[in-house]
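Okay, final28.pdb is below, PDB, C-alpha atoms:
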```pdb
ATOM      1  CA  VAL A   1      32.336 -17.450 -21.039
ATOM      2  CA  GLN A   2      31.684 -15.175 -23.964
ATOM      3  CA  LEU A   3      32.269 -15.626 -27.673
ATOM      4  CA  GLN A   4      31.734 -12.415 -29.611
ATOM      5  CA  ALA A   5      31.536 -12.788 -33.373
ATOM      6  CA  SER A   6      31.870  -9.794 -35.653
ATOM      7  CA  GLY A   7      32.796  -8.779 -39.174
ATOM      8  CA  GLY A   8      29.716  -9.770 -41.092
ATOM      9  CA  GLY A   9      28.033  -7.515 -43.589
ATOM     10  CA  LEU A  10      26.708  -7.060 -47.090
ATOM     11  CA  VAL A  11      29.161  -7.616 -49.928
ATOM     12  CA  GLN A  12      28.999  -8.321 -53.628
ATOM     13  CA  ALA A  13      29.923 -11.635 -55.161
ATOM     14  CA  GLY A  14      33.674 -11.978 -55.564
ATOM     15  CA  GLU A  15      34.523  -9.769 -52.608
ATOM     16  CA  SER A  16      36.073 -10.772 -49.296
ATOM     17  CA  LEU A  17      35.204 -10.560 -45.637
ATOM     18  CA  ARG A  18      37.105 -11.373 -42.479
ATOM     19  CA  LEU A  19      35.111 -12.587 -39.514
ATOM     20  CA  SER A  20      36.451 -12.387 -35.984
ATOM     21  CA  CYS A  21      35.474 -14.226 -32.843
ATOM     22  CA  SER A  22      36.800 -12.847 -29.592
ATOM     23  CA  VAL A  23      36.782 -15.258 -26.656
ATOM     24  CA  SER A  24      36.760 -14.330 -23.001
ATOM     25  CA  GLY A  25      36.376 -16.265 -19.783
ATOM     26  CA  LEU A  26      37.722 -19.489 -21.236
ATOM     27  CA  SER A  27      41.161 -21.039 -21.297
ATOM     28  CA  LEU A  28      41.907 -21.881 -24.918
ATOM     29  CA  GLY A  29      45.174 -23.738 -24.431
ATOM     30  CA  SER A  30      43.808 -27.124 -25.535
ATOM     31  CA  ALA A  31      40.689 -25.906 -27.288
ATOM     32  CA  VAL A  32      39.279 -26.453 -30.708
ATOM     33  CA  MET A  33      37.590 -23.425 -32.215
ATOM     34  CA  GLY A  34      35.057 -23.864 -34.973
ATOM     35  CA  TRP A  35      33.091 -21.814 -37.459
ATOM     36  CA  PHE A  36      29.667 -22.938 -38.591
ATOM     37  CA  ARG A  37      27.052 -21.276 -40.737
ATOM     38  CA  GLN A  38      23.320 -21.477 -41.130
ATOM     39  CA  ALA A  39      21.485 -20.246 -44.186
ATOM     40  CA  PRO A  40      17.761 -19.453 -44.044
ATOM     41  CA  GLY A  41      15.739 -22.638 -43.973
ATOM     42  CA  LYS A  42      18.804 -24.863 -43.786
ATOM     43  CA  GLU A  43      20.643 -26.854 -41.153
ATOM     44  CA  ARG A  44      23.685 -25.462 -39.444
ATOM     45  CA  GLU A  45      26.761 -26.633 -41.313
ATOM     46  CA  PHE A  46      30.427 -26.889 -40.513
ATOM     47  CA  VAL A  47      32.805 -24.455 -42.171
ATOM     48  CA  ALA A  48      36.210 -24.754 -40.495
ATOM     49  CA  ALA A  49      37.946 -25.491 -37.214
ATOM     50  CA  ILE A  50      41.347 -24.931 -35.716
ATOM     51  CA  GLN A  51      43.208 -26.526 -32.846
ATOM     52  CA  TRP A  52      44.353 -23.684 -30.671
ATOM     53  CA  TYR A  53      47.734 -24.875 -29.471
ATOM     54  CA  ASN A  54      49.193 -25.825 -32.864
ATOM     55  CA  ALA A  55      46.896 -23.907 -35.268
ATOM     56  CA  ARG A  56      46.106 -27.097 -37.150
ATOM     57  CA  PRO A  57      43.079 -26.375 -39.356
ATOM     58  CA  LEU A  58      40.250 -28.435 -40.751
ATOM     59  CA  TYR A  59      37.952 -27.313 -43.552
ATOM     60  CA  VAL A  60      34.830 -28.579 -45.170
ATOM     61  CA  ASP A  61      35.956 -29.783 -48.587
ATOM     62  CA  SER A  62      33.643 -27.470 -50.508
ATOM     63  CA  LEU A  63      35.252 -24.340 -49.045
ATOM     64  CA  LYS A  64      38.908 -25.282 -49.193
ATOM     65  CA  GLY A  65      40.932 -22.672 -51.008
ATOM     66  CA  ARG A  66      38.436 -19.853 -50.454
ATOM     67  CA  PHE A  67      38.174 -19.764 -46.659
ATOM     68  CA  THR A  68      41.046 -19.645 -44.185
ATOM     69  CA  ILE A  69      40.812 -20.050 -40.429
ATOM     70  CA  SER A  70      43.465 -18.644 -38.124
ATOM     71  CA  ARG A  71      43.920 -17.585 -34.528
ATOM     72  CA  ASP A  72      45.718 -14.940 -32.522
ATOM     73  CA  ARG A  73      46.871 -16.166 -29.147
ATOM     74  CA  ALA A  74      47.617 -12.688 -27.858
ATOM     75  CA  THR A  75      44.029 -11.527 -28.238
ATOM     76  CA  ASN A  76      42.186 -14.860 -27.877
ATOM     77  CA  THR A  77      40.623 -14.306 -31.253
ATOM     78  CA  VAL A  78      39.858 -16.693 -34.078
ATOM     79  CA  PHE A  79      39.403 -15.430 -37.609
ATOM     80  CA  LEU A  80      37.712 -16.641 -40.755
ATOM     81  CA  GLN A  81      39.009 -15.049 -43.938
ATOM     82  CA  MET A  82      36.475 -15.534 -46.707
ATOM     83  CA  ASN A  83      37.511 -14.793 -50.274
ATOM     84  CA  SER A  84      35.704 -14.932 -53.606
ATOM     85  CA  LEU A  85      32.387 -14.890 -51.833
ATOM     86  CA  LYS A  86      29.345 -16.301 -53.595
ATOM     87  CA  PRO A  87      25.626 -15.711 -53.009
ATOM     88  CA  GLU A  88      25.385 -19.245 -51.615
ATOM     89  CA  ASP A  89      27.742 -18.195 -48.809
ATOM     90  CA  THR A  90      24.956 -16.024 -47.427
ATOM     91  CA  ALA A  91      24.271 -17.195 -43.884
ATOM     92  CA  VAL A  92      24.625 -16.416 -40.225
ATOM     93  CA  TYR A  93      28.124 -17.440 -39.203
ATOM     94  CA  TYR A  94      28.720 -18.781 -35.714
ATOM     95  CA  CYS A  95      31.913 -19.406 -33.826
ATOM     96  CA  ALA A  96      32.103 -22.151 -31.258
ATOM     97  CA  ALA A  97      34.553 -23.482 -28.691
ATOM     98  CA  ASP A  98      35.381 -26.932 -27.420
ATOM     99  CA  PRO A  99      37.776 -26.332 -24.516
ATOM    100  CA  THR A 100      38.748 -29.983 -24.112
ATOM    101  CA  TYR A 101      41.860 -31.599 -25.529
ATOM    102  CA  ASN A 102      40.196 -33.073 -28.581
ATOM    103  CA  VAL A 103      42.406 -34.685 -31.204
ATOM    104  CA  ASP A 104      39.538 -36.515 -32.885
ATOM    105  CA  ARG A 105      39.386 -34.427 -36.033
ATOM    106  CA  THR A 106      36.317 -36.308 -37.211
ATOM    107  CA  SER A 107      34.387 -34.732 -34.361
ATOM    108  CA  TRP A 108      35.391 -31.169 -35.155
ATOM    109  CA  SER A 109      32.691 -30.849 -37.791
ATOM    110  CA  CYS A 110      29.914 -31.884 -35.417
ATOM    111  CA  PRO A 111      28.063 -29.053 -33.642
ATOM    112  CA  ASP A 112      27.528 -31.276 -30.592
ATOM    113  CA  THR A 113      31.284 -31.283 -30.007
ATOM    114  CA  TYR A 114      31.241 -27.636 -28.992
ATOM    115  CA  ASN A 115      30.261 -26.425 -25.555
ATOM    116  CA  TYR A 116      30.142 -22.695 -26.191
ATOM    117  CA  TRP A 117      28.695 -20.652 -29.028
ATOM    118  CA  GLY A 118      28.779 -17.052 -30.122
ATOM    119  CA  GLN A 119      25.732 -15.091 -31.136
ATOM    120  CA  GLY A 120      26.393 -15.213 -34.878
ATOM    121  CA  THR A 121      27.189 -12.595 -37.474
ATOM    122  CA  LEU A 122      25.241 -12.215 -40.695
ATOM    123  CA  VAL A 123      26.999 -12.411 -44.031
ATOM    124  CA  THR A 124      24.999 -11.450 -47.093
ATOM    125  CA  VAL A 125      26.486 -11.839 -50.552
ATOM    126  CA  SER A 126      24.642 -10.197 -53.415
ATOM    127  CA  SER A 127      24.947 -11.351 -57.015
TER
END
```
Represent the structure contained in this file as structure tokens.
Amino acid sequence: VQLQASGGGLVQAGESLRLSCSVSGLSLGSAVMGWFRQAPGKEREFVAAIQWYNARPLYVDSLKGRFTISRDRATNTVFLQMNSLKPEDTAVYYCAADPTYNVDRTSWSCPDTYNYWGQGTLVTVSS
């Protein structure tokens, strides 16, 4: 199983980035895919998740309206579109997969729910 995150970089405040997470070696039919982030010196925090089979999303309240999660079934890729970026969005962004049929949306924000993790991609937003 491999989750390959990409798309990070250095941008100025107000700009956008689109992160990608390509998944291989895992059947995603019933999966939940999540994005988390970890800023220097802080705990890993939930950003967004999506249920693969119906594309139903879940967002942390503080990022609703700026971040959008989506998936492409054809390429087994999950995306995180990040708009109006702020310096406080600076972090390493991780994608994660829970391959089980998990309809408990309250668990989607918990890192322990996910069995597989990507290596992370660094997003730096300058002011």
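In this structure, atom CA of Ser127 of chain A sits 13.6 Å away from atom CA of Ser16 of chain A.
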*asked:* Under the PyMOL selection byres ((chain A and resi 89-94) around 10), which residues of this model are included? Write them out as a count of residues only.
replied: 44
Contact residues around Arg71 of chain A with all atoms listed in the file at 9 Å, ignoring same-chain residues under 2 positions, as a PDB file with C-alpha atoms, keeping the file's coordinate frame:
```
ATOM      1  CA  MET A  33      37.590 -23.425 -32.215  1.00  0.00           C
ATOM      2  CA  ILE A  50      41.347 -24.931 -35.716  1.00  0.00           C
ATOM      3  CA  TRP A  52      44.353 -23.684 -30.671  1.00  0.00           C
ATOM      4  CA  ALA A  55      46.896 -23.907 -35.268  1.00  0.00           C
ATOM      5  CA  ILE A  69      40.812 -20.050 -40.429  1.00  0.00           C
ATOM      6  CA  ARG A  73      46.871 -16.166 -29.147  1.00  0.00           C
ATOM      7  CA  THR A  75      44.029 -11.527 -28.238  1.00  0.00           C
ATOM      8  CA  ASN A  76      42.186 -14.860 -27.877  1.00  0.00           C
ATOM      9  CA  THR A  77      40.623 -14.306 -31.253  1.00  0.00           C
ATOM     10  CA  VAL A  78      39.858 -16.693 -34.078  1.00  0.00           C
ATOM     11  CA  PHE A  79      39.403 -15.430 -37.609  1.00  0.00           C
ATOM     12  CA  LEU A  80      37.712 -16.641 -40.755  1.00  0.00           C
TER      13      LEU A  80
END
```
*Give me the result of the PyMOL selection byres ((chain A and resi 25) around 8) on this file, residue by residue, as a count of residues only.*
6
*Taking into account only C-alpha atoms, which residue in the set A:Ala49, A:Asp72, A:Asn54, A:Ser62 is nearest to Ser107 of chain A?*
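Among the listed residues, the smallest separation from Ser107 of chain A belongs to A:Ala49.
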If you take every atom of segment 37-55 of chain A that the file lists and fit an axis-aligned box around them with 6 Å extra on each side, what centre and edge lengths come out in Å to one decimal, as AutoDock Vina command-line options?
```
--center_x 32.5 --center_y -23.2 --center_z -36.8 --size_x 45.5 --size_y 19.4 --size_z 26.7
```
_Nearest residue to Asn83 of chain A out of A:Gly14, A:Pro111, A:Gly41, A:Pro99, using all atoms listed in the file?_
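Of A:Gly14, A:Pro111, A:Gly41, A:Pro99, the one nearest Asn83 of chain A is A:Gly14, counting all atoms listed in the file.
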*asked:* Can you measure atom CA of Thr100 of chain A to atom CA of Ser70 of chain A for me? One decimal in Å is fine.
replied: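 Rounded to one decimal, the two atoms are 18.6 Å apart.
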*Name the closest residue to Glu15 of chain A among the candidates A:Asp98, A:Tyr116, A:Gln81, A:Lys64; distances are taken between atoms, counting only C-alpha atoms.*
A:Gln81
_List as a PyMOL selection string the protein and nucleic acid residues near Asp104 of chain A, meaning an atom at most 12 Å away when all atoms listed in the file are counted, but skip any in the same chain fewer than 6 places from it._
chain A and resi 32+49+51+58+98+110+113
*Quick one: pull the distance between atom CA of Ser30 of chain A and atom CA of Thr106 of chain A, Å, one decimal.*
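We find that atom CA of Ser30 of chain A and atom CA of Thr106 of chain A lie 16.6 Å from each other.
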